[in-house]
>>> print(open('upload-v8.cif').read())   # mmCIF, C-alpha atoms and all ligand atoms
data_query
loop_
_atom_site.label_atom_id
_atom_site.label_comp_id
_atom_site.auth_asym_id
_atom_site.auth_seq_id
_atom_site.Cartn_x
_atom_site.Cartn_y
_atom_site.Cartn_z
CA MET A 24 6.79 13.52 14.09
CA ASP A 25 10.22 13.12 12.51
CA ILE A 26 10.16 10.99 9.36
CA GLN A 27 13.61 10.17 7.95
CA THR A 28 13.49 6.56 6.86
CA ILE A 29 10.70 4.95 4.90
CA MET A 30 10.01 1.48 3.62
CA VAL A 31 8.17 1.01 0.34
CA VAL A 32 6.52 -2.41 0.22
CA GLY A 33 6.09 -3.56 -3.40
CA ALA A 34 8.65 -2.51 -6.02
CA GLY A 35 6.29 -2.44 -9.02
CA GLN A 36 5.49 0.61 -11.12
CA MET A 37 4.03 2.57 -8.18
CA GLY A 38 6.48 1.37 -5.52
CA ALA A 39 9.51 2.26 -7.65
CA GLY A 40 8.11 5.75 -8.27
CA ILE A 41 7.29 6.26 -4.58
CA ALA A 42 10.82 5.17 -3.62
CA GLN A 43 12.32 7.52 -6.21
CA VAL A 44 10.47 10.67 -5.13
CA HIS A 45 11.26 10.05 -1.46
CA ALA A 46 14.98 9.43 -2.15
CA GLN A 47 15.05 12.55 -4.33
CA SER A 48 13.71 14.56 -1.39
CA GLY A 49 16.40 13.28 0.98
CA TYR A 50 14.66 10.35 2.71
CA TYR A 51 16.38 7.00 3.24
CA VAL A 52 14.34 4.29 1.56
CA TYR A 53 14.08 0.53 1.86
CA LEU A 54 12.60 -0.73 -1.40
CA HIS A 55 11.01 -4.05 -0.51
CA ASP A 56 9.48 -6.85 -2.58
CA VAL A 57 8.98 -10.57 -2.18
CA LYS A 58 11.54 -11.48 -4.81
CA GLU A 59 15.01 -10.05 -5.44
CA THR A 60 14.28 -9.90 -9.19
CA GLN A 61 11.29 -7.63 -8.52
CA VAL A 62 13.39 -5.29 -6.36
CA GLU A 63 16.04 -5.17 -9.10
CA LYS A 64 13.37 -4.34 -11.71
CA GLY A 65 12.11 -1.53 -9.48
CA LEU A 66 15.63 -0.15 -8.99
CA GLU A 67 16.23 -0.32 -12.75
CA ARG A 68 13.09 1.73 -13.28
CA VAL A 69 14.35 4.38 -10.83
CA LYS A 70 17.81 4.42 -12.47
CA LYS A 71 16.25 4.86 -15.92
CA ASN A 72 14.16 7.80 -14.73
CA LEU A 73 17.09 9.49 -13.01
CA THR A 74 19.31 8.96 -16.06
CA ARG A 75 16.66 10.70 -18.19
CA GLN A 76 16.86 13.63 -15.76
CA THR A 77 20.66 13.79 -15.98
CA GLU A 78 20.41 13.74 -19.79
CA LYS A 79 18.03 16.66 -19.61
CA GLY A 80 20.54 18.53 -17.42
CA ARG A 81 18.22 18.64 -14.40
CA LEU A 82 20.40 16.41 -12.25
CA THR A 83 24.18 15.95 -12.08
CA ASN A 84 25.68 12.47 -12.14
CA GLU A 85 26.83 13.05 -8.55
CA GLU A 86 23.27 13.90 -7.44
CA LYS A 87 21.98 10.82 -9.23
CA SER A 88 24.50 8.61 -7.37
CA GLU A 89 23.56 10.21 -4.04
CA ILE A 90 19.85 9.58 -4.64
CA LEU A 91 20.49 5.96 -5.59
CA SER A 92 22.72 5.45 -2.54
CA ARG A 93 19.73 6.36 -0.34
CA ILE A 94 17.68 3.42 -1.71
CA VAL A 95 18.42 0.11 -0.01
CA PRO A 96 17.04 -3.07 -1.62
CA SER A 97 15.07 -5.35 0.71
CA THR A 98 13.49 -8.79 0.60
CA GLU A 99 13.13 -9.06 4.41
CA LEU A 100 10.09 -7.33 5.86
CA GLU A 101 11.98 -7.14 9.20
CA ASN A 102 13.82 -4.14 7.69
CA ALA A 103 10.61 -2.23 8.52
CA SER A 104 12.02 -2.12 12.08
CA LYS A 105 14.14 0.83 10.89
CA ALA A 106 11.30 2.74 9.22
CA ASP A 107 9.38 5.78 10.48
CA LEU A 108 6.87 5.38 7.65
CA ALA A 109 5.94 2.34 5.56
CA VAL A 110 4.12 2.89 2.26
CA GLU A 111 2.53 -0.28 0.93
CA ALA A 112 2.15 -0.54 -2.87
CA ILE A 113 1.44 -4.22 -3.57
CA VAL A 114 -1.40 -5.82 -5.53
CA GLU A 115 -4.89 -4.24 -5.12
CA ASN A 116 -6.33 -7.18 -3.19
CA MET A 117 -7.75 -6.86 0.32
CA ASP A 118 -6.67 -10.29 1.59
CA VAL A 119 -3.07 -9.80 0.46
CA LYS A 120 -2.94 -6.25 1.85
CA LYS A 121 -4.36 -7.37 5.21
CA LYS A 122 -1.68 -10.06 5.53
CA VAL A 123 1.09 -7.56 4.78
CA PHE A 124 -0.30 -4.99 7.26
CA LYS A 125 -0.44 -7.63 9.99
CA GLU A 126 3.21 -8.46 9.34
CA LEU A 127 4.23 -4.80 9.07
CA ASP A 128 2.52 -4.12 12.39
CA GLU A 129 4.73 -6.79 13.98
CA CYS A 130 7.99 -5.56 12.37
CA ALA A 131 7.68 -1.77 12.41
CA PRO A 132 8.64 0.26 15.52
CA PRO A 133 5.73 1.47 17.70
CA HIS A 134 5.98 5.07 16.46
CA ALA A 135 5.89 4.12 12.75
CA ILE A 136 3.06 5.14 10.44
CA LEU A 137 1.67 2.46 8.13
CA ALA A 138 0.35 3.95 4.89
CA THR A 139 -1.28 2.26 1.92
CA ASN A 140 -1.20 3.39 -1.70
CA THR A 141 -4.44 1.49 -2.35
CA SER A 142 -6.48 2.84 -5.27
CA SER A 143 -9.85 2.00 -3.80
CA LEU A 144 -9.90 -0.32 -0.77
CA PRO A 145 -11.27 0.78 2.64
CA ILE A 146 -8.50 2.17 4.89
CA THR A 147 -10.54 1.41 8.02
CA GLU A 148 -10.69 -2.30 7.17
CA ILE A 149 -6.93 -2.47 6.52
CA ALA A 150 -6.25 -0.54 9.77
CA ALA A 151 -8.37 -3.01 11.77
CA GLU A 152 -5.81 -5.74 11.00
CA THR A 153 -3.22 -3.86 13.06
CA SER A 154 -2.74 -3.01 16.74
CA ARG A 155 -2.28 0.67 15.74
CA PRO A 156 -5.32 1.78 13.70
CA SER A 157 -4.69 5.42 14.69
CA GLN A 158 -1.37 5.20 12.75
CA VAL A 159 -2.80 3.72 9.54
CA ILE A 160 -3.65 6.01 6.62
CA GLY A 161 -4.17 6.10 2.85
CA MET A 162 -1.42 7.85 0.87
CA HIS A 163 -2.57 7.52 -2.72
CA PHE A 164 -0.01 8.57 -5.31
CA MET A 165 -0.85 8.86 -9.02
CA ASN A 166 0.94 7.16 -11.90
CA PRO A 167 3.60 8.08 -13.04
CA VAL A 168 4.57 9.10 -9.51
CA PRO A 169 7.55 11.32 -10.42
CA VAL A 170 5.31 13.41 -12.72
CA MET A 171 1.85 13.58 -11.14
CA LYS A 172 1.36 16.24 -8.48
CA LEU A 173 -1.58 14.79 -6.56
CA VAL A 174 -1.54 12.66 -3.41
CA GLU A 175 -4.97 11.73 -2.04
CA ILE A 176 -4.77 11.35 1.74
CA ILE A 177 -7.44 9.20 3.30
CA ARG A 178 -8.06 8.83 7.00
CA GLY A 179 -9.40 5.59 8.42
CA LEU A 180 -12.03 5.84 11.15
CA GLU A 181 -9.37 6.05 13.87
CA THR A 182 -6.49 7.84 12.10
CA SER A 183 -5.10 10.52 14.43
CA ASP A 184 -4.64 14.19 13.52
CA LYS A 185 -0.93 13.86 14.32
CA VAL A 186 -0.53 11.06 11.78
CA PHE A 187 -2.61 12.92 9.18
CA ASP A 188 -0.43 16.05 9.61
CA ALA A 189 2.81 14.05 9.36
CA VAL A 190 1.71 12.37 6.12
CA LYS A 191 0.46 15.65 4.66
CA GLN A 192 3.82 17.29 5.45
CA THR A 193 5.68 14.35 3.93
CA ALA A 194 3.65 14.65 0.70
CA GLU A 195 4.40 18.39 0.60
CA SER A 196 8.11 17.72 1.14
CA LEU A 197 7.98 15.65 -2.08
CA HIS A 198 6.61 18.75 -3.90
CA LYS A 199 3.21 17.07 -4.21
CA THR A 200 -0.20 18.56 -3.49
CA PRO A 201 -2.11 16.58 -0.86
CA VAL A 202 -5.91 16.51 -0.96
CA GLU A 203 -7.86 15.00 1.92
CA VAL A 204 -10.74 12.73 0.99
CA ASN A 205 -13.03 10.49 3.02
CA ASP A 206 -12.80 6.72 3.24
CA PHE A 207 -15.30 5.71 0.53
CA PRO A 208 -14.73 3.09 -2.20
CA GLY A 209 -12.42 4.50 -4.89
CA PHE A 210 -12.03 7.73 -2.85
CA VAL A 211 -12.47 10.65 -5.31
CA SER A 212 -9.93 9.85 -8.06
CA ASN A 213 -11.04 6.35 -8.96
CA ARG A 214 -14.73 6.83 -8.23
CA ILE A 215 -14.68 9.27 -11.12
CA LEU A 216 -11.88 7.97 -13.36
CA MET A 217 -12.53 4.22 -13.31
CA PRO A 218 -16.23 4.26 -14.38
CA MET A 219 -15.09 6.35 -17.36
CA ILE A 220 -12.47 3.76 -18.26
CA ASN A 221 -15.01 0.93 -17.72
CA GLU A 222 -17.48 2.75 -20.02
CA ALA A 223 -14.76 3.09 -22.67
CA ILE A 224 -14.27 -0.71 -22.43
CA TYR A 225 -18.05 -1.25 -22.83
CA THR A 226 -17.83 0.96 -25.92
CA VAL A 227 -15.30 -1.47 -27.43
CA TYR A 228 -17.31 -4.50 -26.18
CA GLU A 229 -20.50 -3.26 -27.82
CA GLY A 230 -18.68 -2.57 -31.10
CA VAL A 231 -19.35 1.16 -31.02
CA SER A 232 -15.79 1.93 -32.03
CA SER A 233 -12.19 0.68 -32.01
CA PRO A 234 -9.79 1.30 -29.10
CA GLU A 235 -7.74 3.64 -31.33
CA ASP A 236 -10.79 5.72 -32.29
CA ILE A 237 -12.20 5.83 -28.75
CA ASP A 238 -8.83 7.10 -27.49
CA GLN A 239 -8.68 9.62 -30.31
CA VAL A 240 -12.14 10.97 -29.39
CA MET A 241 -11.12 11.54 -25.79
CA LYS A 242 -7.71 12.99 -26.66
CA LEU A 243 -8.76 15.36 -29.40
CA GLY A 244 -12.30 16.00 -28.19
CA MET A 245 -11.73 16.31 -24.44
CA ASN A 246 -8.02 17.17 -24.33
CA HIS A 247 -7.15 14.14 -22.19
CA PRO A 248 -3.37 13.49 -22.32
CA MET A 249 -4.02 9.77 -22.90
CA GLY A 250 -7.14 8.07 -24.21
CA PRO A 251 -8.98 5.90 -21.63
CA LEU A 252 -7.87 2.58 -23.13
CA THR A 253 -4.22 3.63 -23.32
CA LEU A 254 -4.59 4.81 -19.73
CA ALA A 255 -6.19 1.49 -18.68
CA ASP A 256 -3.22 -0.38 -20.20
CA PHE A 257 -0.86 2.03 -18.44
CA ILE A 258 -2.52 1.55 -15.03
CA GLY A 259 -2.81 -2.24 -15.49
CA LEU A 260 -6.07 -4.01 -16.39
CA ASP A 261 -5.76 -6.20 -13.27
CA THR A 262 -5.74 -3.06 -11.11
CA CYS A 263 -8.65 -1.55 -13.12
CA LEU A 264 -10.71 -4.73 -12.55
CA TYR A 265 -9.95 -4.81 -8.82
CA ILE A 266 -10.99 -1.16 -8.52
CA MET A 267 -14.27 -1.72 -10.41
CA GLU A 268 -15.01 -4.73 -8.19
CA THR A 269 -14.42 -2.61 -5.08
CA LEU A 270 -16.79 0.08 -6.42
CA HIS A 271 -19.40 -2.53 -7.38
CA ASP A 272 -19.20 -4.33 -4.00
CA GLY A 273 -18.91 -1.12 -2.00
CA PHE A 274 -21.85 0.76 -3.53
CA GLY A 275 -23.91 -2.25 -4.63
CA ASP A 276 -25.00 -0.38 -7.74
CA ASP A 277 -24.85 -2.05 -11.16
CA LYS A 278 -23.61 1.12 -12.77
CA TYR A 279 -20.19 -0.01 -11.46
CA ARG A 280 -20.42 -3.53 -12.99
CA PRO A 281 -17.02 -4.38 -14.52
CA CYS A 282 -17.28 -4.86 -18.29
CA PRO A 283 -17.08 -8.57 -19.26
CA LEU A 284 -14.36 -7.68 -21.79
CA LEU A 285 -12.21 -6.33 -18.94
CA ARG A 286 -12.65 -9.63 -17.07
CA LYS A 287 -11.84 -11.60 -20.22
CA TYR A 288 -8.58 -9.72 -20.85
CA VAL A 289 -7.48 -10.13 -17.23
CA LYS A 290 -8.28 -13.87 -17.37
CA ALA A 291 -6.21 -14.11 -20.58
CA GLY A 292 -3.29 -12.41 -18.83
CA TRP A 293 -3.60 -9.38 -21.09
CA ILE A 294 -3.14 -6.97 -18.22
CA GLY A 295 -1.66 -4.05 -20.11
CA LYS A 296 1.64 -2.37 -20.80
CA LYS A 297 3.49 -4.08 -17.94
CA VAL A 298 3.16 -7.46 -19.74
CA GLY A 299 3.23 -6.09 -23.29
CA ARG A 300 -0.43 -6.82 -24.13
CA GLY A 301 -3.74 -5.20 -23.26
CA PHE A 302 -6.01 -3.17 -25.50
CA TYR A 303 -2.82 -2.53 -27.47
CA ASN A 304 0.15 -4.69 -28.31
CA TYR A 305 3.47 -3.33 -26.98
CA ASN A 306 5.82 -5.99 -28.37
N1 LIG B 1 7.91 7.83 -15.27
C1 LIG B 1 8.54 9.00 -15.00
N2 LIG B 1 8.46 10.09 -15.80
C2 LIG B 1 7.74 9.96 -16.92
C3 LIG B 1 7.06 8.77 -17.27
C4 LIG B 1 7.18 7.67 -16.39
N3 LIG B 1 6.55 6.51 -16.62
N4 LIG B 1 6.42 8.96 -18.44
C5 LIG B 1 6.67 10.24 -18.81
N5 LIG B 1 7.46 10.84 -17.90
C6 LIG B 1 7.93 12.22 -17.92
C7 LIG B 1 8.85 12.50 -19.08
O1 LIG B 1 10.20 12.27 -18.74
C8 LIG B 1 8.62 13.98 -19.34
O2 LIG B 1 9.33 14.74 -18.39
P1 LIG B 1 9.77 16.27 -18.67
O3 LIG B 1 8.55 17.02 -19.08
O4 LIG B 1 10.30 16.67 -17.36
O5 LIG B 1 10.77 16.20 -19.74
C9 LIG B 1 7.13 14.17 -18.99
O6 LIG B 1 6.78 13.06 -18.15
C10 LIG B 1 6.27 14.16 -20.24
O7 LIG B 1 6.52 12.95 -20.92
P2 LIG B 1 6.42 12.75 -22.49
O8 LIG B 1 6.70 14.05 -23.17
O9 LIG B 1 7.28 11.58 -22.86
O10 LIG B 1 4.96 12.24 -22.73
P3 LIG B 1 3.58 12.95 -22.46
O11 LIG B 1 3.65 14.42 -22.65
O12 LIG B 1 2.63 12.15 -23.25
O13 LIG B 1 3.31 12.70 -20.92
C11 LIG B 1 2.27 11.45 -19.22
C12 LIG B 1 3.29 11.43 -20.35
C13 LIG B 1 2.71 12.44 -18.14
C14 LIG B 1 2.24 10.05 -18.65
C15 LIG B 1 0.89 11.91 -19.82
O14 LIG B 1 0.58 11.10 -20.92
C16 LIG B 1 -0.24 11.84 -18.81
O15 LIG B 1 -0.39 12.73 -18.00
N6 LIG B 1 -1.06 10.76 -18.88
C17 LIG B 1 -2.17 10.56 -17.98
C18 LIG B 1 -1.64 10.05 -16.65
C19 LIG B 1 -2.75 9.83 -15.66
O16 LIG B 1 -3.91 10.08 -15.89
N7 LIG B 1 -2.35 9.33 -14.50
C20 LIG B 1 -3.27 8.95 -13.47
C21 LIG B 1 -3.61 7.50 -13.63
S1 LIG B 1 -4.79 6.99 -12.43
C22 LIG B 1 -3.91 6.74 -11.03
O17 LIG B 1 -2.74 6.87 -10.98
C23 LIG B 1 -4.68 6.36 -9.82
C24 LIG B 1 -5.02 4.93 -9.67
O18 LIG B 1 -5.23 4.53 -8.51
C25 LIG B 1 -5.18 3.97 -10.78
P1 LIG B 2 2.48 -3.74 -9.88
O1 LIG B 2 1.84 -5.01 -10.31
O2 LIG B 2 3.30 -2.96 -10.85
O3 LIG B 2 3.44 -4.02 -8.61
C1 LIG B 2 3.06 -4.71 -7.46
C2 LIG B 2 4.34 -5.23 -6.80
O4 LIG B 2 4.00 -5.75 -5.51
C3 LIG B 2 5.02 -6.38 -7.57
O5 LIG B 2 6.38 -6.06 -7.76
C4 LIG B 2 4.83 -7.59 -6.65
O6 LIG B 2 5.92 -8.50 -6.71
C5 LIG B 2 4.76 -6.91 -5.30
N1 LIG B 2 4.11 -7.71 -4.25
C6 LIG B 2 3.00 -8.47 -4.35
N2 LIG B 2 2.73 -9.04 -3.15
C7 LIG B 2 3.69 -8.63 -2.30
C8 LIG B 2 3.96 -8.87 -0.93
N3 LIG B 2 3.18 -9.65 -0.21
N4 LIG B 2 5.03 -8.26 -0.36
C9 LIG B 2 5.84 -7.46 -1.09
N5 LIG B 2 5.63 -7.19 -2.39
C10 LIG B 2 4.57 -7.78 -2.99
O7 LIG B 2 1.31 -2.86 -9.27
P2 LIG B 2 1.21 -1.26 -9.19
O8 LIG B 2 0.60 -0.77 -10.43
O9 LIG B 2 2.51 -0.71 -8.74
O10 LIG B 2 0.11 -1.10 -8.04
C11 LIG B 2 0.43 -1.27 -6.69
C12 LIG B 2 -0.63 -0.64 -5.81
O11 LIG B 2 -0.74 0.76 -6.13
C13 LIG B 2 -2.04 -1.21 -5.96
O12 LIG B 2 -2.69 -1.16 -4.72
C14 LIG B 2 -2.68 -0.24 -6.95
O13 LIG B 2 -4.08 -0.21 -6.86
C15 LIG B 2 -2.08 1.07 -6.48
N6 LIG B 2 -2.06 2.12 -7.49
C16 LIG B 2 -1.79 1.80 -8.80
C17 LIG B 2 -1.76 2.81 -9.75
C18 LIG B 2 -1.48 2.50 -11.18
O14 LIG B 2 -1.72 3.35 -12.04
N7 LIG B 2 -0.97 1.34 -11.51
C19 LIG B 2 -1.97 4.14 -9.35
C20 LIG B 2 -2.20 4.43 -7.99
C21 LIG B 2 -2.25 3.40 -7.08
#
>>> encode(input="upload-v8.cif", output="structure tokens")
Amino acid sequence: MDIQTIMVVGAGQMGAGIAQVHAQSGYYVYLHDVKETQVEKGLERVKKNLTRQTEKGRLTNEEKSEILSRIVPSTELENASKADLAVEAIVENMDVKKKVFKELDECAPPHAILATNTSSLPITEIAAETSRPSQVIGMHFMNPVPVMKLVEIIRGLETSDKVFDAVKQTAESLHKTPVEVNDFPGFVSNRILMPMINEAIYTVYEGVSSPEDIDQVMKLGMNHPMGPLTLADFIGLDTCLYIMETLHDGFGDDKYRPCPLLRKYVKAGWIGKKVGRGFYNYN
């Protein structure tokens, strides 16, 4: 299967990173979002990252321009008609994702693969919204995408071997390491990571310690590059809550119950670094 052109749906922190790594590996990319301002923000993020690489002498200005010229901004989902692979990276909400997959299924050419960067939602359920469930797959990048080596690849019930192999090869062409996991809530990464983050939030909620000290314990004591509350802010507390809800609903076990403090912060709009306020203040 020859993949040359991709469409990234959602130009947020993940979508921008996914667009960047594909363009850097020679793919043509449509970077799509609902609003032009969001696409521009995503492109700015890519430009900033590439500029940092030129400053470090890893990329020439000419290479940077070539990479950027391969990214085409899009606010029309019909542009998916030119894509061999679509990677969806919008909000972690099943209803919204289903709607987008239905539309993508109508716009994308029959051979195209429809992938989702979902952190936790069932691939099989998303695939069932389309007329091509054998061509729907999970392609789960980690944040920040240009830095993190892992891509979890998750087959839905009907995903074909041909589609799995094509997505695995694409991930390898981005110099990432693909790991296949089964379609279970949170897959492997977030089934393990997110309960730890949720527990760190309970530790604040119960007054055991401050966010700063909890992060310090995990950084200095366990050698984590970021403490769990800094990481939660970095991921986005809205995304963390959605993931915990998926684990709670999916397994039906109260050990996955989202901490009330997490719900409170999301309700307050304190959803982390992307808005300047979460467990820490970034303004
Ligand atoms: N985008 C692109 N590149 C970035 C970046 C960003 N947002 N942040 C840092 N970098 C790059 C820097 O340019 C630097 O590159 P070089 O080494 O090539 O010069 C490198 O990363 C290291 O950066 P810094 O020295 O500034 O900072 P650091 O050493 O503290 O590393 C970090 C930053 C890589 C983000 C590190 O703190 C880290 O690994 N944190 C944990 C990240 C993590 O756990 N990610 C997974 C989140 S969970 C997930 O993604 C799944 C999900 O579904 C929620
Ligand atoms: P984000 O909030 O930064 O970006 C989401 C983007 O999607 C926004 O720009 C928004 O305008 C856009 N969007 C929303 N609805 C849309 C629609 N119908 N059509 C087109 N665009 C739409 O979110 P993010 O952190 O980039 O997360 C995106 C996805 O990636 C989620 O499924 C999340 O679970 C997953 N993910 C996130 C992380 C992380 O650390 N943040 C890591 C891995 C996977």
>>> closest_atom_pairs(input="upload-v8.cif", of="chain A", to="ligand LIG 2 (chain B)", cutoff="7 Å", atoms="all atoms listed in the file", output="JSON lines")
{"residue": "A:Val32", "atom": "CA", "partner": "B:LIG2", "partner_atom": "C9", "distance": 5.3}
{"residue": "A:Gly33", "atom": "CA", "partner": "B:LIG2", "partner_atom": "O4", "distance": 3.7}
{"residue": "A:Ala34", "atom": "CA", "partner": "B:LIG2", "partner_atom": "O5", "distance": 4.6}
{"residue": "A:Gly35", "atom": "CA", "partner": "B:LIG2", "partner_atom": "O3", "distance": 3.3}
{"residue": "A:Gln36", "atom": "CA", "partner": "B:LIG2", "partner_atom": "O9", "distance": 4.0}
{"residue": "A:Met37", "atom": "CA", "partner": "B:LIG2", "partner_atom": "O9", "distance": 3.7}
{"residue": "A:Gly38", "atom": "CA", "partner": "B:LIG2", "partner_atom": "O9", "distance": 5.5}
{"residue": "A:His55", "atom": "CA", "partner": "B:LIG2", "partner_atom": "C9", "distance": 6.2}
{"residue": "A:Asp56", "atom": "CA", "partner": "B:LIG2", "partner_atom": "N5", "distance": 3.9}
{"residue": "A:Val57", "atom": "CA", "partner": "B:LIG2", "partner_atom": "C9", "distance": 4.6}
{"residue": "A:Lys58", "atom": "CA", "partner": "B:LIG2", "partner_atom": "O6", "distance": 6.6}
{"residue": "A:Gln61", "atom": "CA", "partner": "B:LIG2", "partner_atom": "O5", "distance": 5.2}
{"residue": "A:Ala112", "atom": "CA", "partner": "B:LIG2", "partner_atom": "C12", "distance": 4.0}
{"residue": "A:Ile113", "atom": "CA", "partner": "B:LIG2", "partner_atom": "O4", "distance": 3.6}
{"residue": "A:Val114", "atom": "CA", "partner": "B:LIG2", "partner_atom": "C13", "distance": 4.7}
{"residue": "A:Glu115", "atom": "CA", "partner": "B:LIG2", "partner_atom": "O12", "distance": 3.8}
{"residue": "A:Val119", "atom": "CA", "partner": "B:LIG2", "partner_atom": "N3", "distance": 6.3}
{"residue": "A:Val123", "atom": "CA", "partner": "B:LIG2", "partner_atom": "N3", "distance": 5.8}
{"residue": "A:Asn140", "atom": "CA", "partner": "B:LIG2", "partner_atom": "O11", "distance": 5.2}
{"residue": "A:Thr141", "atom": "CA", "partner": "B:LIG2", "partner_atom": "O12", "distance": 4.0}
{"residue": "A:Ser142", "atom": "CA", "partner": "B:LIG2", "partner_atom": "O13", "distance": 4.2}
{"residue": "A:Ser143", "atom": "CA", "partner": "B:LIG2", "partner_atom": "O13", "distance": 6.9}
{"residue": "A:His163", "atom": "CA", "partner": "B:LIG2", "partner_atom": "C21", "distance": 6.0}
{"residue": "A:Phe164", "atom": "CA", "partner": "B:LIG2", "partner_atom": "C20", "distance": 5.4}
{"residue": "A:Met165", "atom": "CA", "partner": "B:LIG2", "partner_atom": "C20", "distance": 4.7}
{"residue": "A:Asn166", "atom": "CA", "partner": "B:LIG2", "partner_atom": "O14", "distance": 4.6}
{"residue": "A:Phe257", "atom": "CA", "partner": "B:LIG2", "partner_atom": "O14", "distance": 6.6}
{"residue": "A:Ile258", "atom": "CA", "partner": "B:LIG2", "partner_atom": "O14", "distance": 3.6}
{"residue": "A:Gly259", "atom": "CA", "partner": "B:LIG2", "partner_atom": "N7", "distance": 5.7}
{"residue": "A:Thr262", "atom": "CA", "partner": "B:LIG2", "partner_atom": "O13", "distance": 5.4}
>>> residues_near_point(input="upload-v8.cif", point="(0.4, 7.3, 2.5)", cutoff="12 Å", atoms="all atoms listed in the file", output="PyMOL selection string")
chain A and resi 29-32+38+41+45+108-112+136-142+146+158-165+173-179+182+186-195+201-203
>>> closest_residue(input="upload-v8.cif", among="A:Glu229, A:Ser157, A:Glu101, A:Ala106", to="Cys130 (chain A)", atoms="all atoms listed in the file")
A:Glu101
>>> residues_around(input="upload-v8.cif", residues="region 69-72 of chain A", least_positions_apart="4", cutoff="8 Å", atoms="only C-alpha atoms", output="CSV table (one decimal) with C-alpha atoms, in the coordinates of the input")
chain,number,residue,atom,x,y,z
A,39,ALA,CA,9.5,2.3,-7.6
A,40,GLY,CA,8.1,5.8,-8.3
A,43,GLN,CA,12.3,7.5,-6.2
A,65,GLY,CA,12.1,-1.5,-9.5
A,76,GLN,CA,16.9,13.6,-15.8
A,91,LEU,CA,20.5,6.0,-5.6
>>> atom_distance(input="upload-v8.cif", atom1="CA of Leu284 (chain A)", atom2="CA of Arg214 (chain A)")
19.9 Å
>>> closest_residue(input="upload-v8.cif", among="A:Cys282, A:Val227, A:Val170, A:Val289", to="ligand LIG 1 (chain B)", atoms="only C-alpha atoms and all ligand atoms")
A:Val170
>>> atom_distance(input="upload-v8.cif", atom1="CA of Gly230 (chain A)", atom2="CA of Pro283 (chain A)")
13.4 Å
>>> atom_distance(input="upload-v8.cif", atom1="atom C25 of ligand LIG 1 (chain B)", atom2="CA of Lys125 (chain A)")
24.3 Å
